[in-house]
Amino acid sequence: MGLGPEGPKEKEMSSSAGMRTLESMVLLLLMMVFVGYMMIWIMMPTNTFYLNWFPHILKKTDSTYFEKQGAEVLIYPFPILFIATVGCFLLHRRKKKADENNQRVKGSFWASWKRPALVKGPLGIVSWIELSFVVMVIALLVWSISSYLHNMFATAHAGVKGEQVWETKLSIVALALGLVGNLCLSLLFFPVSRGSSILQFIGLTSEASIKYHIWLGHLVMTLFTAHGLCYIIYWANTSQIFLMFNWDNFAICNLAGEIALLAGLAMWATSFPRIRRKMFELFFYTHHLYIVFVVFYVFHVKFSYACTMLPGFYLFIIDRFLRFLQSQQRIRLVSARVLPCEAVELNFSKNPGLSYSPTSMVFVNVPSISKLQWHPFSVTSSSKLDADKLSVVIKSEGNWSQNLYQKLSSTQPIDRLQVSVEGPYGPVSNNMLRHDTIVMVSGGSGITPLISIIRELLFLANYSGTKTPQILLICAFRRSLDLTMLNLILPVSGTDLDISCLQLQIEAYVTREREATSNSHKPFQTICFKPDPSDVPVSAILGQNSWLWLAMIISSSFVIFLVLLGILTRFYIYPNEHDYKMMYSESSRSALSMLLLCVSIATTATAGFLWNKKQSVKEMGQIQAIDASTPITTSPSACYSSGDQELESLPHRSFVESTKVHYDRRPDLKGILSDCEGSSIGVLVSGPMRMRQEVAAICSSGSVNNNLHYHSMSFSW
């Protein structure tokens, strides 16, 4: 008997329900693994762990293939890498469902937890969820150090090695500070893994989580600095200062720890906001000392104990190597629009298979300006609206961006510019359709990530028939000349778009001028670049199924590492120890383990990258064939004329008409937000910290409008 009219639909619903059930079970499994992993960290400072649990695990995992390292690998790296691998599969499924997930927000429980809890202070804007995690981390640190001190002080008494009690206790405090510092170090590298599945799985982006890396970095260096100073004081008072220069191949290596600490102090000293902003290049280059820091940290504690921080660093190394492979390609730069407000829009050729969410970002390198400097910029294009283009806007602020602007605005325009790109990086999905109204607040160049959202909604309004929310864009500029950035809301190829389909209202505020200047209507200058056969479009590092490939790289590289480590231990280290009746150097073992780890990651990541590059050759070939069949015969000046015509086209006139400009005043954000109507109002802020704090304070108070949902955006320009 055949299925009725509703049969296929019911079958699809049943299949969807089954997948949701399976996904829920997998999430429950991952949660259990994570809770178990956290339980290890909670119990680690106790005698129960070191006297009962750990010896039992050692007994079960000790073998001629891994020896004592087997227990460390099982306890620390394996659970997190398992979560990262399975998380990749869930993210792949989530990405496929992203276009279908258009439900509106129901209930206010999670919305209330995402409201800002702290607006002003050293931590910046912190939501209630972030504050709860901060409290939990601090509680874990307090518990750990108090447990370590309680257990170790019980064995401290006068007469040990001829020391006084306070000297013995000082050495114990130094050791406890180092052990707690290891806990913070184990978290340090997670926020800076740009393509990490862990971050995306819990709804974070690398750009938004940079502040967690900063917090953890300060905490790590505070603890490690105190750890080192306490030991130096202890050695000086007990006439053992010579131990500072001790290189021990079998136990804790003091000299290696001091080298790691010096590298960390150099990074720490240049990371404070004043130094970082005024001397960014010094901060950027000094931060590469993390390699020295990690290598000598491993020599200091040996590889077995360094497994405590291995999960985050392992994922970071995979991410960093994949980004290195992507950065070696020269990207096809199609055109550039030079704005009179000293900003430029770069338009890159993009693989049509590459999709990304609004508010994504890329890192750009221009070798003719600096071969080593990579700068982050918000993507202004929409992968749905601009199928074969990826655009970024760069405001002339620092030396690097000023040099770029001068190159492109020169009276003798260039016809080619070599560029490399890393990314794009961004959220798996950025569903703005769940709100009835979206209020976008920007200051200066902070408008750039908002442009990508407007373009995405413009596409949905024109081509998908989806009901889009009302949009109120409040943008503040210093000069009327900066108003020209509003025209970037439409892409170069956007003249056939009907802006009236989008309920868009723009309120622009010019804060330092009382009236428009004559230059505020100056047209763009558009530069077309000649194609080069060696240039390639921007494409995903691991292709369209990047999450599946990342899962393969994480899992296979770790398996290869374990196999190589087992072979090394069983057929080289074990025979040496048993035939010659002498212990193998732990420093040499650590060096070989680090080498095998890097070889495993480099091999699998390179194989995955090259395979995906081979698979995308056809798509790239089609793009290059189209480019070759339509060679650019126009000069930069001809392109300039094309830009004039575009600015005066009908869609742009309609767009300008929807903009209301206010001179010599700042926006009354409290009054504007209080007048907004809708059951769910999304408030997106992209601008200076002062502006974000003001909006966060309004949304967190709840006295103005209880329907406001605050979204702070870190923008790059």
# chains A, B, ... in the order shown; residues from 1 in each chain; ligands from 1
$ closest_atom_pairs --of "stretch 278-305 of chain A" --to "stretch 204-228 of chain A" --cutoff "12 Å" --atoms "only C-alpha atoms" --output "tab-separated table"
residue	atom	partner	partner_atom	distance
A:His287	CA	A:Gly217	CA	11.6
A:Tyr290	CA	A:Gly217	CA	11.4
A:Phe293	CA	A:Met221	CA	11.4
A:Tyr297	CA	A:Phe224	CA	11.0
$ select_by_dssp --residues "stretch 224-449 of chain A" --states "alpha helix (DSSP H)" --output "number ranges by chain"
A: 224-237, 254-269, 273-278, 280-286, 290-306, 310-327, 399-408, 448-449
$ residues_around --residues "A:Ala540" --least-positions-apart "4" --cutoff "8 Å" --atoms "only C-alpha atoms" --output "mmCIF file with all heavy atoms, in the first residue's frame"
data_model
loop_
_atom_site.group_PDB
_atom_site.id
_atom_site.type_symbol
_atom_site.label_atom_id
_atom_site.label_comp_id
_atom_site.auth_asym_id
_atom_site.auth_seq_id
_atom_site.Cartn_x
_atom_site.Cartn_y
_atom_site.Cartn_z
ATOM 1 N N LEU A 354 32.391 29.056 -1.529
ATOM 2 C CA LEU A 354 32.721 29.582 -0.199
ATOM 3 C C LEU A 354 31.542 30.384 0.343
ATOM 4 O O LEU A 354 31.115 31.364 -0.257
ATOM 5 C CB LEU A 354 33.963 30.477 -0.279
ATOM 6 C CG LEU A 354 34.322 31.251 0.997
ATOM 7 C CD1 LEU A 354 34.655 30.300 2.130
ATOM 8 C CD2 LEU A 354 35.485 32.209 0.744
ATOM 9 N N GLY A 423 41.354 33.457 5.978
ATOM 10 C CA GLY A 423 39.964 33.513 6.403
ATOM 11 C C GLY A 423 39.028 33.207 5.245
ATOM 12 O O GLY A 423 39.444 32.633 4.231
ATOM 13 N N PRO A 424 37.760 33.553 5.363
ATOM 14 C CA PRO A 424 37.145 34.347 6.443
ATOM 15 C C PRO A 424 36.838 33.523 7.684
ATOM 16 O O PRO A 424 36.656 32.311 7.611
ATOM 17 C CB PRO A 424 35.861 34.860 5.803
ATOM 18 C CG PRO A 424 35.513 33.817 4.776
ATOM 19 C CD PRO A 424 36.816 33.273 4.269
ATOM 20 N N GLN A 544 34.305 23.063 1.013
ATOM 21 C CA GLN A 544 32.933 23.291 1.473
ATOM 22 C C GLN A 544 32.611 22.475 2.725
ATOM 23 O O GLN A 544 31.845 22.902 3.574
ATOM 24 C CB GLN A 544 31.944 22.952 0.357
ATOM 25 C CG GLN A 544 32.087 23.855 -0.871
ATOM 26 C CD GLN A 544 31.055 23.568 -1.936
ATOM 27 O OE1 GLN A 544 29.914 23.232 -1.620
ATOM 28 N NE2 GLN A 544 31.423 23.687 -3.193
ATOM 29 N N SER A 546 34.437 21.839 5.295
ATOM 30 C CA SER A 546 35.631 22.115 6.094
ATOM 31 C C SER A 546 35.558 21.517 7.494
ATOM 32 O O SER A 546 36.573 21.079 8.031
ATOM 33 C CB SER A 546 35.857 23.627 6.190
ATOM 34 O OG SER A 546 34.718 24.275 6.722
#
$ closest_atom_pairs --of "stretch 396-478 of chain A" --to "stretch 357-381 of chain A" --cutoff "6 Å" --atoms "only C-alpha atoms" --output "Markdown table"
| residue | atom | partner | partner_atom | distance |
| --- | --- | --- | --- | --- |
| A:Val419 | CA | A:Val366 | CA | 4.8 |
| A:Ser420 | CA | A:Asn365 | CA | 5.1 |
| A:Val421 | CA | A:Val364 | CA | 4.8 |
| A:Glu422 | CA | A:Phe363 | CA | 5.0 |
| A:Gly423 | CA | A:Val362 | CA | 4.8 |
| A:Pro424 | CA | A:Val362 | CA | 4.7 |
| A:Tyr425 | CA | A:Ser360 | CA | 5.3 |
| A:Gly426 | CA | A:Ser360 | CA | 4.1 |
| A:Ser429 | CA | A:Ser357 | CA | 5.6 |
| A:Thr448 | CA | A:Thr380 | CA | 5.8 |
| A:Pro449 | CA | A:Thr359 | CA | 4.9 |
| A:Ile451 | CA | A:Thr380 | CA | 5.3 |
| A:Ser452 | CA | A:Thr380 | CA | 4.3 |
| A:Ile453 | CA | A:Pro358 | CA | 5.3 |
$ write_last_selection --atoms "N, CA, C and O atoms" --output "PDB file, in the first residue's frame"
ATOM      1  N   VAL A 419      48.272  40.468  -3.088  1.00  0.00           N
ATOM      2  CA  VAL A 419      47.603  40.399  -1.783  1.00  0.00           C
ATOM      3  C   VAL A 419      47.454  38.937  -1.380  1.00  0.00           C
ATOM      4  O   VAL A 419      47.207  38.068  -2.228  1.00  0.00           O
ATOM      5  N   SER A 420      47.607  38.671  -0.090  1.00  0.00           N
ATOM      6  CA  SER A 420      47.297  37.357   0.480  1.00  0.00           C
ATOM      7  C   SER A 420      46.219  37.539   1.535  1.00  0.00           C
ATOM      8  O   SER A 420      46.142  38.584   2.185  1.00  0.00           O
ATOM      9  N   VAL A 421      45.398  36.507   1.690  1.00  0.00           N
ATOM     10  CA  VAL A 421      44.246  36.592   2.605  1.00  0.00           C
ATOM     11  C   VAL A 421      44.171  35.329   3.446  1.00  0.00           C
ATOM     12  O   VAL A 421      44.377  34.220   2.939  1.00  0.00           O
ATOM     13  N   GLU A 422      43.880  35.498   4.734  1.00  0.00           N
ATOM     14  CA  GLU A 422      43.546  34.390   5.635  1.00  0.00           C
ATOM     15  C   GLU A 422      42.095  34.548   6.055  1.00  0.00           C
ATOM     16  O   GLU A 422      41.667  35.618   6.452  1.00  0.00           O
ATOM     17  N   GLY A 423      41.354  33.457   5.978  1.00  0.00           N
ATOM     18  CA  GLY A 423      39.964  33.513   6.403  1.00  0.00           C
ATOM     19  C   GLY A 423      39.028  33.207   5.245  1.00  0.00           C
ATOM     20  O   GLY A 423      39.444  32.633   4.231  1.00  0.00           O
ATOM     21  N   PRO A 424      37.760  33.553   5.363  1.00  0.00           N
ATOM     22  CA  PRO A 424      37.145  34.347   6.443  1.00  0.00           C
ATOM     23  C   PRO A 424      36.838  33.523   7.684  1.00  0.00           C
ATOM     24  O   PRO A 424      36.656  32.311   7.611  1.00  0.00           O
ATOM     25  N   TYR A 425      36.791  34.229   8.819  1.00  0.00           N
ATOM     26  CA  TYR A 425      36.433  33.637  10.099  1.00  0.00           C
ATOM     27  C   TYR A 425      35.194  34.343  10.623  1.00  0.00           C
ATOM     28  O   TYR A 425      35.096  35.564  10.561  1.00  0.00           O
ATOM     29  N   GLY A 426      34.276  33.561  11.161  1.00  0.00           N
ATOM     30  CA  GLY A 426      33.051  34.157  11.682  1.00  0.00           C
ATOM     31  C   GLY A 426      32.161  33.096  12.280  1.00  0.00           C
ATOM     32  O   GLY A 426      32.515  31.910  12.332  1.00  0.00           O
ATOM     33  N   SER A 429      26.427  30.676  11.978  1.00  0.00           N
ATOM     34  CA  SER A 429      25.239  31.363  11.469  1.00  0.00           C
ATOM     35  C   SER A 429      25.042  32.626  12.286  1.00  0.00           C
ATOM     36  O   SER A 429      25.442  32.712  13.444  1.00  0.00           O
ATOM     37  N   THR A 448      31.421  49.050   9.251  1.00  0.00           N
ATOM     38  CA  THR A 448      31.820  48.028   8.269  1.00  0.00           C
ATOM     39  C   THR A 448      31.198  46.659   8.514  1.00  0.00           C
ATOM     40  O   THR A 448      30.691  46.046   7.570  1.00  0.00           O
ATOM     41  N   PRO A 449      31.197  46.092   9.753  1.00  0.00           N
ATOM     42  CA  PRO A 449      30.549  44.778   9.900  1.00  0.00           C
ATOM     43  C   PRO A 449      29.034  44.848   9.753  1.00  0.00           C
ATOM     44  O   PRO A 449      28.403  43.845   9.396  1.00  0.00           O
ATOM     45  N   ILE A 451      27.488  46.558   7.505  1.00  0.00           N
ATOM     46  CA  ILE A 451      27.190  46.550   6.073  1.00  0.00           C
ATOM     47  C   ILE A 451      26.907  45.131   5.597  1.00  0.00           C
ATOM     48  O   ILE A 451      26.007  44.888   4.790  1.00  0.00           O
ATOM     49  N   SER A 452      27.679  44.164   6.113  1.00  0.00           N
ATOM     50  CA  SER A 452      27.488  42.771   5.686  1.00  0.00           C
ATOM     51  C   SER A 452      26.112  42.256   6.107  1.00  0.00           C
ATOM     52  O   SER A 452      25.486  41.477   5.376  1.00  0.00           O
ATOM     53  N   ILE A 453      25.636  42.675   7.273  1.00  0.00           N
ATOM     54  CA  ILE A 453      24.306  42.249   7.731  1.00  0.00           C
ATOM     55  C   ILE A 453      23.218  42.856   6.846  1.00  0.00           C
ATOM     56  O   ILE A 453      22.269  42.171   6.443  1.00  0.00           O
TER      57      ILE A 453
END
$ atom_distance --atom1 "atom CA of A:Leu385" --atom2 "atom CA of A:Leu408"
25.8 Å
$ select_by_dssp --residues "stretch 387-515 of chain A" --states "strand (DSSP E)" --output "number ranges by chain"
A: 389-395, 420-425, 437-443, 470-477, 504-510
$ write_last_selection --atoms "C-alpha atoms" --output "compact mmCIF listing (two decimals), in the first residue's frame"
# COMPACT_ATOMS: atom_id res chain seq x y z
CA LYS A 389 33.25 38.55 -4.65
CA LEU A 390 34.52 39.16 -1.14
CA SER A 391 34.91 42.77 -0.01
CA VAL A 392 36.58 44.55 2.89
CA VAL A 393 36.76 48.24 3.78
CA ILE A 394 40.01 49.69 5.13
CA LYS A 395 40.09 53.10 6.79
CA SER A 420 47.30 37.36 0.48
CA VAL A 421 44.25 36.59 2.60
CA GLU A 422 43.55 34.39 5.63
CA GLY A 423 39.96 33.51 6.40
CA PRO A 424 37.14 34.35 6.44
CA TYR A 425 36.43 33.64 10.10
CA THR A 437 13.37 45.09 14.72
CA ILE A 438 17.12 45.50 14.47
CA VAL A 439 18.76 48.66 15.75
CA MET A 440 22.32 49.05 14.49
CA VAL A 441 24.53 51.57 16.25
CA SER A 442 27.94 52.40 14.81
CA GLY A 443 30.67 54.94 15.32
CA GLN A 470 12.72 46.57 10.30
CA ILE A 471 16.21 48.10 10.39
CA LEU A 472 17.20 51.33 12.07
CA LEU A 473 20.81 52.26 11.38
CA ILE A 474 22.24 54.94 13.68
CA CYS A 475 25.72 55.93 12.54
CA ALA A 476 27.91 58.67 13.95
CA PHE A 477 30.76 60.27 12.00
CA LEU A 504 15.64 50.44 6.22
CA GLN A 505 15.82 53.78 8.01
CA ILE A 506 19.17 55.54 8.41
CA GLU A 507 19.88 58.27 10.93
CA ALA A 508 23.37 59.71 10.34
CA TYR A 509 25.01 62.09 12.80
CA VAL A 510 27.95 64.35 11.93
$ residues_around --residues "stretch 276-283 of chain A" --least-positions-apart "3" --cutoff "12 Å" --atoms "only C-alpha atoms" --output "list in words"
Ala266, Met267, Trp268, Ala269, Thr270, Ser271, Phe272, Pro273, Thr286, His287, His288, Leu289, Ser370, Leu372, Gln373, Trp374, His375, Glu397, Gly398, Asn399 and Trp400 of chain A
$ write_last_selection --atoms "C-alpha atoms" --output "short mmCIF file (atom, residue, chain, number, x, y, z; two decimals), in the first residue's frame"
data_model
loop_
_atom_site.label_atom_id
_atom_site.label_comp_id
_atom_site.auth_asym_id
_atom_site.auth_seq_id
_atom_site.Cartn_x
_atom_site.Cartn_y
_atom_site.Cartn_z
CA ALA A 266 58.54 40.18 27.04
CA MET A 267 55.14 39.30 25.55
CA TRP A 268 53.34 40.52 28.66
CA ALA A 269 55.16 43.86 28.80
CA THR A 270 54.24 44.72 25.19
CA SER A 271 50.61 43.58 25.46
CA PHE A 272 49.28 46.38 27.67
CA PRO A 273 46.81 48.62 25.78
CA THR A 286 57.23 40.14 20.30
CA HIS A 287 54.20 37.88 20.54
CA HIS A 288 55.96 35.34 18.32
CA LEU A 289 58.05 34.53 21.38
CA SER A 370 55.09 44.60 4.61
CA LEU A 372 55.19 40.02 7.72
CA GLN A 373 52.25 42.17 8.78
CA TRP A 374 48.73 40.71 8.71
CA HIS A 375 45.85 43.02 9.58
CA GLU A 397 44.35 55.12 10.34
CA GLY A 398 47.81 53.57 10.93
CA ASN A 399 51.02 53.50 8.90
CA TRP A 400 50.10 50.30 7.05
#
$ atom_distance --atom1 "atom CA of A:Met594" --atom2 "atom CA of A:Leu568"
12.4 Å
$ closest_atom_pairs --of "stretch 523-621 of chain A" --to "stretch 315-330 of chain A" --cutoff "12 Å" --atoms "only C-alpha atoms" --output "tab-separated table"
residue	atom	partner	partner_atom	distance
A:Pro531	CA	A:Arg330	CA	11.5
A:Asp532	CA	A:Arg330	CA	9.6
A:Pro533	CA	A:Arg330	CA	10.2
A:Ser534	CA	A:Arg330	CA	7.2
A:Asp535	CA	A:Arg330	CA	5.1
A:Val536	CA	A:Arg330	CA	6.3
A:Pro537	CA	A:Arg330	CA	8.5
A:Val538	CA	A:Arg330	CA	9.1
A:Ser539	CA	A:Gln326	CA	8.8
A:Ala540	CA	A:Gln326	CA	8.6
A:Ile541	CA	A:Gln326	CA	6.1
A:Leu542	CA	A:Leu322	CA	8.6
A:Gly543	CA	A:Gln326	CA	11.5
A:Ser546	CA	A:Leu322	CA	11.4
A:Trp549	CA	A:Leu322	CA	11.5
A:Leu550	CA	A:Ile318	CA	8.9
A:Ala551	CA	A:Leu315	CA	11.0
A:Met552	CA	A:Ile318	CA	11.6
A:Ile553	CA	A:Ile318	CA	8.1
A:Ile554	CA	A:Ile318	CA	7.6
A:Ser555	CA	A:Leu315	CA	10.9
A:Ser556	CA	A:Ile318	CA	11.8
A:Ser557	CA	A:Ile318	CA	9.2
A:Phe558	CA	A:Leu315	CA	10.5
A:Met594	CA	A:Ile317	CA	11.6
A:Leu597	CA	A:Ile317	CA	9.7
A:Cys598	CA	A:Ile317	CA	8.2
A:Val599	CA	A:Ile318	CA	11.1
A:Ser600	CA	A:Ile318	CA	10.0
A:Ile601	CA	A:Ile318	CA	6.2
A:Ala602	CA	A:Phe321	CA	7.1
A:Thr603	CA	A:Phe321	CA	10.4
A:Thr604	CA	A:Ile318	CA	9.4
A:Ala605	CA	A:Leu322	CA	6.5
A:Thr606	CA	A:Leu325	CA	7.7
A:Ala607	CA	A:Leu322	CA	10.7
A:Gly608	CA	A:Leu322	CA	9.4
A:Phe609	CA	A:Leu322	CA	7.5
A:Leu610	CA	A:Leu325	CA	9.3
A:Asn612	CA	A:Gln326	CA	11.6
A:Lys613	CA	A:Gln326	CA	10.1
$ write_last_selection --atoms "N, CA and C atoms" --output "compact mmCIF listing (two decimals), in the first residue's frame"
# COMPACT_ATOMS: atom_id res chain seq x y z
N PRO A 531 44.11 40.78 -14.25
CA PRO A 531 44.21 39.44 -13.67
C PRO A 531 45.59 38.84 -13.92
N ASP A 532 46.01 37.96 -13.03
CA ASP A 532 47.27 37.25 -13.17
C ASP A 532 46.99 35.76 -13.07
N PRO A 533 47.55 34.95 -13.97
CA PRO A 533 47.25 33.51 -13.96
C PRO A 533 47.62 32.82 -12.64
N SER A 534 48.57 33.38 -11.91
CA SER A 534 49.00 32.74 -10.65
C SER A 534 48.09 33.07 -9.48
N ASP A 535 47.22 34.07 -9.64
CA ASP A 535 46.32 34.45 -8.56
C ASP A 535 45.14 33.48 -8.49
N VAL A 536 44.63 33.27 -7.29
CA VAL A 536 43.49 32.37 -7.09
C VAL A 536 42.40 33.10 -6.31
N PRO A 537 41.15 32.66 -6.45
CA PRO A 537 40.07 33.27 -5.65
C PRO A 537 40.20 32.89 -4.18
N VAL A 538 39.56 33.67 -3.33
CA VAL A 538 39.49 33.32 -1.92
C VAL A 538 38.64 32.07 -1.79
N SER A 539 39.14 31.08 -1.07
CA SER A 539 38.39 29.84 -0.87
C SER A 539 38.61 29.34 0.54
N ALA A 540 37.71 28.48 1.00
CA ALA A 540 37.84 27.91 2.33
C ALA A 540 39.10 27.06 2.41
N ILE A 541 39.76 27.07 3.55
CA ILE A 541 41.01 26.32 3.70
C ILE A 541 40.79 24.85 3.41
N LEU A 542 39.70 24.30 3.87
CA LEU A 542 39.44 22.87 3.73
C LEU A 542 38.18 22.59 2.90
N GLY A 543 37.83 23.51 2.01
CA GLY A 543 36.71 23.28 1.11
C GLY A 543 35.36 23.48 1.75
N SER A 546 34.44 21.84 5.30
CA SER A 546 35.63 22.11 6.09
C SER A 546 35.56 21.52 7.49
N TRP A 549 36.50 17.87 7.31
CA TRP A 549 37.93 17.71 7.08
C TRP A 549 38.72 18.08 8.34
N LEU A 550 38.26 19.07 9.08
CA LEU A 550 38.94 19.43 10.32
C LEU A 550 38.84 18.29 11.33
N ALA A 551 37.68 17.63 11.39
CA ALA A 551 37.53 16.46 12.27
C ALA A 551 38.52 15.37 11.88
N MET A 552 38.68 15.16 10.56
CA MET A 552 39.62 14.16 10.08
C MET A 552 41.04 14.50 10.48
N ILE A 553 41.41 15.78 10.35
CA ILE A 553 42.78 16.20 10.66
C ILE A 553 43.06 16.06 12.15
N ILE A 554 42.12 16.50 13.00
CA ILE A 554 42.32 16.41 14.45
C ILE A 554 42.49 14.95 14.87
N SER A 555 41.56 14.10 14.43
CA SER A 555 41.58 12.70 14.87
C SER A 555 42.76 11.93 14.28
N SER A 556 42.98 12.05 12.98
CA SER A 556 44.05 11.27 12.34
C SER A 556 45.43 11.73 12.77
N SER A 557 45.62 13.03 12.95
CA SER A 557 46.93 13.50 13.39
C SER A 557 47.25 13.02 14.80
N PHE A 558 46.22 12.98 15.66
CA PHE A 558 46.45 12.50 17.03
C PHE A 558 46.74 11.00 17.04
N MET A 594 57.84 16.50 20.99
CA MET A 594 57.40 17.72 20.31
C MET A 594 57.60 17.61 18.81
N LEU A 597 54.93 15.34 17.35
CA LEU A 597 53.65 16.04 17.34
C LEU A 597 53.55 16.98 16.15
N CYS A 598 54.61 17.76 15.91
CA CYS A 598 54.60 18.70 14.78
C CYS A 598 54.56 17.97 13.45
N VAL A 599 55.29 16.86 13.33
CA VAL A 599 55.30 16.08 12.09
C VAL A 599 53.91 15.52 11.81
N SER A 600 53.24 15.02 12.84
CA SER A 600 51.90 14.43 12.67
C SER A 600 50.91 15.49 12.18
N ILE A 601 50.93 16.66 12.81
CA ILE A 601 50.01 17.72 12.43
C ILE A 601 50.32 18.24 11.03
N ALA A 602 51.60 18.47 10.74
CA ALA A 602 51.99 19.01 9.44
C ALA A 602 51.62 18.05 8.32
N THR A 603 51.80 16.75 8.54
CA THR A 603 51.51 15.76 7.51
C THR A 603 50.02 15.70 7.18
N THR A 604 49.21 15.55 8.21
CA THR A 604 47.77 15.41 7.97
C THR A 604 47.14 16.71 7.48
N ALA A 605 47.56 17.85 8.04
CA ALA A 605 47.00 19.13 7.61
C ALA A 605 47.37 19.43 6.17
N THR A 606 48.61 19.14 5.78
CA THR A 606 49.03 19.37 4.40
C THR A 606 48.27 18.48 3.43
N ALA A 607 48.09 17.21 3.81
CA ALA A 607 47.35 16.28 2.96
C ALA A 607 45.91 16.75 2.77
N GLY A 608 45.26 17.16 3.86
CA GLY A 608 43.89 17.65 3.76
C GLY A 608 43.79 18.91 2.93
N PHE A 609 44.72 19.82 3.10
CA PHE A 609 44.71 21.08 2.35
C PHE A 609 44.92 20.83 0.86
N LEU A 610 45.90 19.99 0.51
CA LEU A 610 46.19 19.73 -0.90
C LEU A 610 45.05 18.99 -1.58
N ASN A 612 41.81 19.17 -0.82
CA ASN A 612 40.74 20.13 -1.06
C ASN A 612 41.10 21.13 -2.13
N LYS A 613 42.37 21.48 -2.21
CA LYS A 613 42.80 22.38 -3.27
C LYS A 613 42.63 21.73 -4.63
$ closest_residue --among "A:Ser700, A:Ile202, A:Asn182, A:Val134" --to "A:Met31" --atoms "only C-alpha atoms"
A:Ile202
$ residues_around --residues "A:Ala156" --least-positions-apart "6" --cutoff "8 Å" --atoms "only C-alpha atoms" --output "list in words"
Val165, Thr168 and Lys169 of chain A
$ residues_around --residues "A:Ile172" --least-positions-apart "2" --cutoff "8 Å" --atoms "only C-alpha atoms" --output "compact mmCIF listing (two decimals) with all heavy atoms, in the first residue's frame"
# COMPACT_ATOMS: atom_id res chain seq x y z
N LEU A 149 48.10 24.15 49.10
CA LEU A 149 48.78 24.69 50.29
C LEU A 149 48.42 23.89 51.54
O LEU A 149 49.28 23.60 52.38
CB LEU A 149 48.42 26.16 50.47
CG LEU A 149 48.96 27.12 49.39
CD1 LEU A 149 48.48 28.54 49.68
CD2 LEU A 149 50.47 27.08 49.33
N MET A 152 50.25 20.43 51.33
CA MET A 152 51.71 20.49 51.40
C MET A 152 52.21 21.14 52.68
O MET A 152 53.28 20.80 53.18
CB MET A 152 52.25 21.22 50.17
CG MET A 152 52.09 20.41 48.88
SD MET A 152 52.93 21.13 47.44
CE MET A 152 51.86 22.50 47.07
N PHE A 153 51.44 22.07 53.25
CA PHE A 153 51.84 22.67 54.52
C PHE A 153 51.82 21.64 55.65
O PHE A 153 52.51 21.80 56.66
CB PHE A 153 50.91 23.83 54.89
CG PHE A 153 51.31 25.14 54.25
CD1 PHE A 153 50.50 26.26 54.38
CD2 PHE A 153 52.49 25.26 53.52
CE1 PHE A 153 50.85 27.47 53.80
CE2 PHE A 153 52.84 26.45 52.94
CZ PHE A 153 52.03 27.56 53.07
N THR A 168 60.70 26.85 54.03
CA THR A 168 60.06 25.66 53.45
C THR A 168 58.67 26.00 52.91
O THR A 168 58.28 25.57 51.82
CB THR A 168 59.95 24.55 54.50
OG1 THR A 168 61.24 24.24 55.00
CG2 THR A 168 59.33 23.30 53.91
N LYS A 169 57.94 26.80 53.70
CA LYS A 169 56.60 27.20 53.26
C LYS A 169 56.66 28.10 52.03
O LYS A 169 55.77 28.06 51.17
CB LYS A 169 55.85 27.89 54.39
CG LYS A 169 55.43 26.94 55.51
CD LYS A 169 54.54 27.63 56.53
CE LYS A 169 54.02 26.65 57.56
NZ LYS A 169 53.13 27.30 58.55
N LEU A 170 57.70 28.92 51.92
CA LEU A 170 57.87 29.77 50.74
C LEU A 170 58.05 28.93 49.49
O LEU A 170 57.48 29.22 48.44
CB LEU A 170 59.05 30.72 50.93
CG LEU A 170 59.33 31.67 49.76
CD1 LEU A 170 58.15 32.61 49.54
CD2 LEU A 170 60.61 32.47 50.00
N ALA A 174 55.60 28.75 46.23
CA ALA A 174 56.11 28.89 44.86
C ALA A 174 55.63 27.74 43.99
O ALA A 174 55.19 27.94 42.85
CB ALA A 174 57.63 28.95 44.88
N LEU A 175 55.70 26.50 44.53
CA LEU A 175 55.26 25.34 43.77
C LEU A 175 53.75 25.40 43.50
O LEU A 175 53.30 25.13 42.38
CB LEU A 175 55.60 24.06 44.54
CG LEU A 175 55.12 22.74 43.92
CD1 LEU A 175 55.71 22.55 42.52
CD2 LEU A 175 55.48 21.56 44.82
N ALA A 176 52.98 25.80 44.50
CA ALA A 176 51.52 25.88 44.34
C ALA A 176 51.14 26.92 43.29
O ALA A 176 50.23 26.69 42.48
CB ALA A 176 50.86 26.22 45.68
$ atom_distance --atom1 "atom CA of A:Pro352" --atom2 "atom CA of A:Pro191"
29.3 Å
